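Asker: Pasting a structure below so you can have a look.
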Amino acid sequence: MTSPQHTDLSQISERTNVQLPSWKSDAQPFVQIENITKKFDDFIAVDNISLDIYKNELFCLLGGSGSGKSTLLRMLAGFETPTSGRILIDGVDMAGIQPWSRPVNMMFQSYALFPHLTVAENVAFGLKREGIRGAEVKQRVTEMLDLVQLGHLGKRKPNQLSGGQRQRVALARSLIKRPKLLLLDEPLGALDKKLREETQFELINIQDELGVTFVVVTHDQEEAMTLASRIGVMNHGVIVQTDEPQDVYEYPNSRFVAEFVGSVNLFEGQVTVDEPDTVCVTSPEAGGELCVNHGISCAPNQDVHVAVRPEKIRVSETRPDQTYNCLQGTILDIAYMGSLSVFKVKLASGKEVRVTQPNTNRESGGRFTWDDSVYLSWDMDSCVVLTS
Amino acid sequence: MSASKIAWINDSYAKMTRYNFFRRVNWGRFSVVSVPYLWLAIFFFIPFVVVFKISLSEAAIAVPPYTPILDWNLEEAYVTLKISLSNYLFLLEDDFYLSAYLSSIKVAAISTFFTLLVAFPIAYLMARTEGSTRALLLALVILPFWTSFLLRVYAWMGLLKKNGLINETLMSLGLIDQPLIMMQTDFAVYIGIVYTYLPFMVLPLYSALEKMDMTLLEAAEDLGARPYQSFFLITLPLAMPGVIAGCLLVFIPAVGEFVIPALLGGSDTLMIGRVLWDEFFLNRDWPMASGVAVVMLIILVLPIMLIRNSQGKEGAA
Amino acid sequence: MKRRSLFLNISAGLGFLFLYAPIIALVIYSFNASKLVTVWGGWSLKWYAELFRNDQIIDAALLSFKIAFITATLAVVLGTMAGFVLSRFGPFRGKMILSGWISAPLVMPEVITGLSLLLLFVAMEAAFGWPAGRGTGTIIIAHTTFCMAYVAVIVQARLSSMDESLEEAAMDLGAKPSSLFFLVTLPLISPAIISGWLLSFTLSLDDLVIASFVSGPGNSTLPMVIFSKVRLGVTPEVNALATLMILVVALGVIGAMYQMRRQARLLAQPDN
């Protein structure tokens with residue numbers, strides 16, 4: 001599960017270079033998920049998951065539909081009871097604690113705004129259930145609506161709001177009780193692309209400002225990458241990898257993760273050199289030797305895959321000066337996408353390789369054309385070997 | 001099936017705009033409109049005018065048994081217009097009619113409330129189940145609606161009477177010594193109305209509850225509402241259009257109900273439908289019966305308008 | 001959550017029990033050999049035999065079926081026209097009035113409808129000699145009036161849930177308004193028309209109050225005969241009659257459901 005040893009921790013991301021992130025210190029985990037399984041009749045939605053989430057984290061559960069990510073979230077909120085295992089939040093076992101008594105709030109995918117109540121009444125709903133009345137409700141609702149920049153819309157009904165405004169009402173409503181843990185189910189799923197990008201950063205700012213622990217469920221890997229301090233990639237009810245966004249992308253631990261997060265070229269082959277800091281793989285598919293500068297643990301002669309991201313591959317007309325990680329092929333297809341161009345290159349083995357090249361100047365888009373014979377190459381530290 | 005979706009499905013009011021029909025005059029179109037229009041004008045609207053007219057005349061031993069309002073004789077060249085308000089004055093003066101109206105409204109209101117109470121769990125369960133279970137429950141609700149109304153009221157006679165099934169069962173279980181007097185009481189009338197009008201309540205409730213997003217309840221619970229609080233704060237307000245439509249659909253016909261009080265009620269169960277029936281069939285006082293009908297209609301105009309209003313809203317939503 | 005759904009199941013279950021207990025009791029007692037309705041005298045079919053020997057009931061039933069059949073057919077024609085006009089003709093002068101006249105009969109107390117129609121018939125007879133006397137014809141007119149309202153509402157509901165682009169497509173392909181109606185719209189709303197016909201038939205067969213007002217001497221419909229019998233108390237023959245009617249209705253509803261499920265299953269298969 002752990003990623004291979006790599007670069008200095010302090011350079012991983014801007015957000016975490018001030019202090020050591022809590023999941024790397026010895027801090028007590030805030031949410032402890034211990035051997036949780038959930039079955040619906042015969043279907044196993046969540047399969048024996050254990051996971052620790054720390055205070056102030058923005059943890060993303062990333063997975064496709066049916067991966068069990070929403071079920072896990074609903075068990076945290078108390079809408080589903082685990083078949084086995086237990087969940088502790090802030091050290092308290094949540095078994096038998098009903099949704100209305102948990103120190104947890106949820107932002108629903110559909111937002112679930114009460115259509116018969118105004119924006120302000122929606123936001124005030126949770127406070128009133130705590131028995132808070134009068135001026136305090138008013139003051140806290142105003143504060144919260146100001147935080148999400150909706151101070152002027154308190155009297156509207158949900159159906160008089162735009163999608164982005166509804167999303168922020170839902171956020172305000174779920175934050176007003178100052179929950180220790182906020183669960184967000186596809187928080188940006190219903191927004192259009194441009195709005196989604198703006199809102200992502202807003203969400204991060206709010207989380208920083210309030211210091212609430214966020215658990216976000218999403219199927220959108222870009223969303224997970226931007227938002228998360230850590231990502232848990234889920235598949236078939238299991239968390240297959242838990243890591244920081246950069247590690248999930250650069251050091252996927254399995255073919256599933258490599259393919260699910262971003263796009264990737266996979267070359268099948270057999271290990272020929274297996275040393276602590278170098279591994280070489282002979283791949284008939286690639287038509288050459290592929291080398292990686294990290295060690296792996298695997299049986300000798302085991303079938304492995306070498307994964308390389310499209311943007312890490314260089315394209316050249318002449319053969320580059322390296323004996324490994326160098327393939328030859330012809331350009332099958334070119335897609336000009338503005339900031340970059342995507343090439344489909346066909347190797348002698350018939351394998352198609354996807355390569356992206358940034359268009360660093362106006363002419364670079366036209367450097368190659370269809371049926372050009374080209375060389376593809378990359379560095380040892382640009383690819384990974386996957387054993388599963 | 002959707003017969004009992006009755007009247008609230010109608011989006012035409014919302015779309016109404018002023019439009020000159022004859023600008024697009026088209027005889028095919030015109031005749032298609034005019035056939036149902038004429039039929040309803042003659043057999044639905046004009047009868048009310050006739051009722052109103054006759055309510056202003058007096059009973060007489062004649063065929064038909066009332067005095068003419070307009071009388072003329074061309075040879076002697078006179079026209080007399082004789083309007084009698086005596087029926088209405090009598091309605092106002094005699095406590096019997098006033099208490100009959102009040103008691104009809106009371107019986108209808110109480111029955112409507114109990115119908116709501118019985119119908120809500122059924123409608124809610126239907127809205128929360130899915131697929132074939134839902135279809136089955138729907139069929140179970142609608143099925144009695146297709147059987148004879150008269151026979152369904154009659155079925156309760158066998159259960160409620162002094163030596164009926166309920167009393168026999170309770171006595172044989174030793175729960176009571178004396179048979180309970182249930183037949184010919186207001187209680188039996190409530191039962192009869194709740195029973196026969198139940199589908200009229202269940203279906204509008206169901207169609208309101210079905211539209212409700214169940215995640216709203218989860219959201220309410222998540223924000224700290226207990227189940228009973230989410231019911232009163234979320235479910236009930238959202239089901240309100242259905243509650244209102246259902247209550248009106250039960251209340252309005254219940255006020256004028258005749259068969260149920262006639263079969264299940266006692267001689268002291270005073271209901272205006274029965275009074276009208278007796279005025280007409282026993283006393284043969286057609287003008288008085290018309291007067292009773294006109295006043296009943298005036299009482300019911302408001303709720304009938306409300307139904308149309310709630311239809312309009314439904315259409316606009 | 002569990003507790004609530006248990007509460008819900010129990011209260012809904014009691015509701016259904018309330019709905020069906022009287023019917024079940026009625027059916028069982030129709031097979032009671034004893035003349036005393038509350039005393040169980042063993043199983044017997046003798047009340048059914050008695051029922052079929054009762055000419056008064058048989059005649060009334062035949063009359064009621066005849067009236068119901070004609071009423072349902074007339075109501076379907078008029079009601080479909082009204083429903084179609086209201087949902088497909090766009091705005092026209094007097095539409096509000098028509099839709100009011102359509103929805104009001106649905107809730108109008110029967111005593112008022114019955115009385116007003118009778119007074120109309122009497123006034124018409126006095127004015128131009130028609131209808132001469134009252135009987136089957138006046139009952140049919142009265143029943144058609146309130147049944148067409150039900151049909152109109154059903155047809156209208158069906159039409160408003162139906163995609164108007166189907167009709168637009170037919171027009172685009174050259175269908176004129178009249179052929180459009182008969183070739184496209186009518187087949188599409190046929191389920192609504194069928195249920196409207198069946199409902200009208202049932203409502204007409206069931207009506208006591210309106211028929212009592214507008215029928216003439218010697219024209220007793222089935223509900224009128226039943227009413228005069230049960231007013232005096234519970235009678236085993238009526239139990240038998242009720243059981244037969246429930247049986248027919250139950251078979252009809254089950255058949256309709258079966259048909260609907262079969263169609264739904266056919267529709268659920270993609271690209272067939």
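By convention here, the chains of the structure tokens are called A, B, ... in the order presented, each chain's residues are numbered starting at 1, and ligands are numbered starting at 1 in the order presented.
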Give me, as a tab-separated table, the closest atom pair and its distance (Å, one decimal) for every residue of chain B within a cut-off of 9 Å of chain A, counting only C-alpha atoms, rows sorted by chain and rising number.
Answerer:
residue	atom	partner	partner_atom	distance
B:Asp213	CA	A:Ala112	CA	7.7
B:Met214	CA	A:Ala112	CA	8.8
B:Thr215	CA	A:Ala112	CA	6.1
B:Leu216	CA	A:Ala112	CA	5.1
B:Leu217	CA	A:Ala112	CA	8.6
B:Glu218	CA	A:Phe79	CA	7.4
B:Ala219	CA	A:Ala112	CA	6.4
B:Ala220	CA	A:Gly126	CA	7.8
B:Glu221	CA	A:Trp100	CA	4.8
B:Asp222	CA	A:Trp100	CA	5.2
B:Leu223	CA	A:Gly126	CA	4.5
B:Gly224	CA	A:Trp100	CA	3.9
B:Ala225	CA	A:Trp100	CA	5.7
B:Arg226	CA	A:Trp100	CA	6.3
B:Pro227	CA	A:Trp100	CA	8.9
B:Gln229	CA	A:Arg129	CA	8.8
B:Ile234	CA	A:Phe114	CA	7.4
B:Pro237	CA	A:His116	CA	7.3
B:Leu238	CA	A:His116	CA	7.0
Asker: Residues at most 7 Å from Gln184 of chain B, counting only C-alpha atoms, excluding those fewer than 3 positions away in the same chain, as a list of chain:residue names?
Answerer: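 Answer for this query is B:Ala188, B:Leu264, B:Gly265, B:Gly266.
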Asker: Need to verify the contact set: Gly196 of chain C, 9 Å, only C-alpha atoms, exclusion of same-chain residues closer than 4 positions in sequence. Can you return it as a PyMOL selection string?
Answerer: (chain B and resi 1-3) or (chain C and resi 72+75-76+79-80+147-148+150-152+154-155+191-192+200-201)
Asker: Quick one: DSSP helix (DSSP H, G or I) residues in segment 8-227 of chain C, as a ChimeraX atom specification?
Answerer: /C:8-29,46-53,55-88,95-107,110-128,136-161,164-172,177-206,209-214,222-227
Asker: Provide the atom CA of Ser65 of chain A to atom CA of Val257 of chain A distance in Å, to one decimal place.
Answerer: 14.9 Å
Asker: What are the residues of chain C lining chain B at 7 Å or less? Count only C-alpha atoms, and put the answer as a PyMOL selection string.
Answerer: chain C and resi 8+11-12+15+19+22-23+26+38+78+81-82+85-87+91-93+98+101+103+107-109+111-112+116-117+119-120+145+150+153-154+157+195+202+206+231+234+242+245-246+249-250+253
Asker: Go ahead and compute the interatomic distance for atom CA of Asp186 of chain B and atom CA of Ile166 of chain B, in Å to one decimal.
Answerer: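 Taking atom CA of Asp186 of chain B and atom CA of Ile166 of chain B, their separation equals 17.0 Å.
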Asker: Which one of A:Thr387, A:Thr278, A:Gln328, A:Ala335 sits closest to Asp372 of chain A if you count only C-alpha atoms?
Answerer: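 Of the candidates, the smallest distance to Asp372 of chain A is held by A:Gln328.
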Asker: How many Å separate atom CA of Ala239 of chain B from atom CA of Ala208 of chain B?
Answerer: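 Spanning atom CA of Ala239 of chain B to atom CA of Ala208 of chain B is a straight-line distance of 5.3 Å.
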Asker: Residues near Leu270 of chain B, anyone? I mean within 8 Å using only C-alpha atoms, not counting same-chain ones fewer than 4 positions away, as a list in words.
Answerer: Ser99, Ala100, Ser103, Ser104, Arg274 and Val275 of chain B
Asker: From the options C:Ile189, C:Thr113, C:Gly41, C:Leu232, which residue's atoms come nearest to Gln156 of chain C, counting only C-alpha atoms?
Answerer: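 Of C:Ile189, C:Thr113, C:Gly41, C:Leu232, the one nearest Gln156 of chain C, counting only C-alpha atoms, is C:Ile189.
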Asker: Find the residues near segment 233-247 of chain A: any atom within 10 Å, counting only C-alpha atoms, skip ones fewer than 3 places away on the same chain, and give them as a ChimeraX atom specification.
Answerer: /A:1-4,6,12-13,37-38,44-51,59-69,71-72,218-219,221-222,224-230,250-254,256-257,260-261
Asker: Looking at only C-alpha atoms, which of A:Gly151, A:Pro276, A:Gly96, A:Gly288 is the one that sits closest to chain C?
Answerer: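 Smallest separation from chain C among the options: A:Gly96.
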Asker: Would you mind listing what lies within 10 Å of Arg319 of chain A as a list in words, with only C-alpha atoms counted and same-chain residues fewer than 5 positions away left out?
Answerer: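 With the cut-off at 10 Å, the set is Cys326, Leu327, Gln328, Val374, Tyr375, Leu376 and Ser377 of chain A.
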Asker: Just write the chosen residues, C-alpha atoms, as an mmCIF file, in the first residue's frame.
Answerer:
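This went into selection15.cif:
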data_model
loop_
_atom_site.group_PDB
_atom_site.id
_atom_site.type_symbol
_atom_site.label_atom_id
_atom_site.label_comp_id
_atom_site.auth_asym_id
_atom_site.auth_seq_id
_atom_site.Cartn_x
_atom_site.Cartn_y
_atom_site.Cartn_z
ATOM 1 C CA CYS A 326 13.276 4.263 -26.345
ATOM 2 C CA LEU A 327 10.656 3.085 -28.828
ATOM 3 C CA GLN A 328 10.079 3.566 -32.519
ATOM 4 C CA VAL A 374 9.239 9.005 -34.787
ATOM 5 C CA TYR A 375 11.143 7.930 -31.691
ATOM 6 C CA LEU A 376 9.542 7.975 -28.262
ATOM 7 C CA SER A 377 11.693 8.187 -25.156
#
Asker: Need the shell around Asp207 of chain C: protein/DNA/RNA residues with any atom at most 10 Å away, counting only C-alpha atoms. Skip same-chain ones fewer than 5 positions apart. Format as a tab-separated table (two decimals) with C-alpha atoms, in the first residue's frame?
Answerer:
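That gives us part22.tsv:
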chain	number	residue	atom	x	y	z
B	148	SER	CA	-70.31	-1.02	-5.61
B	149	PHE	CA	-70.35	1.90	-3.22
B	150	LEU	CA	-73.76	0.84	-1.97
C	64	SER	CA	-78.81	-1.42	-14.99
C	68	ALA	CA	-74.46	1.38	-17.87
C	110	GLU	CA	-75.31	13.52	-5.69
C	139	ILE	CA	-81.21	8.07	-16.31
C	143	HIS	CA	-75.34	9.31	-15.80
C	202	THR	CA	-69.06	0.96	-12.91
C	212	SER	CA	-83.72	7.64	-7.81
C	221	THR	CA	-82.28	0.03	-11.33
C	222	LEU	CA	-80.27	-2.55	-9.41
C	223	PRO	CA	-79.00	-0.13	-6.73
C	224	MET	CA	-82.58	1.05	-6.16
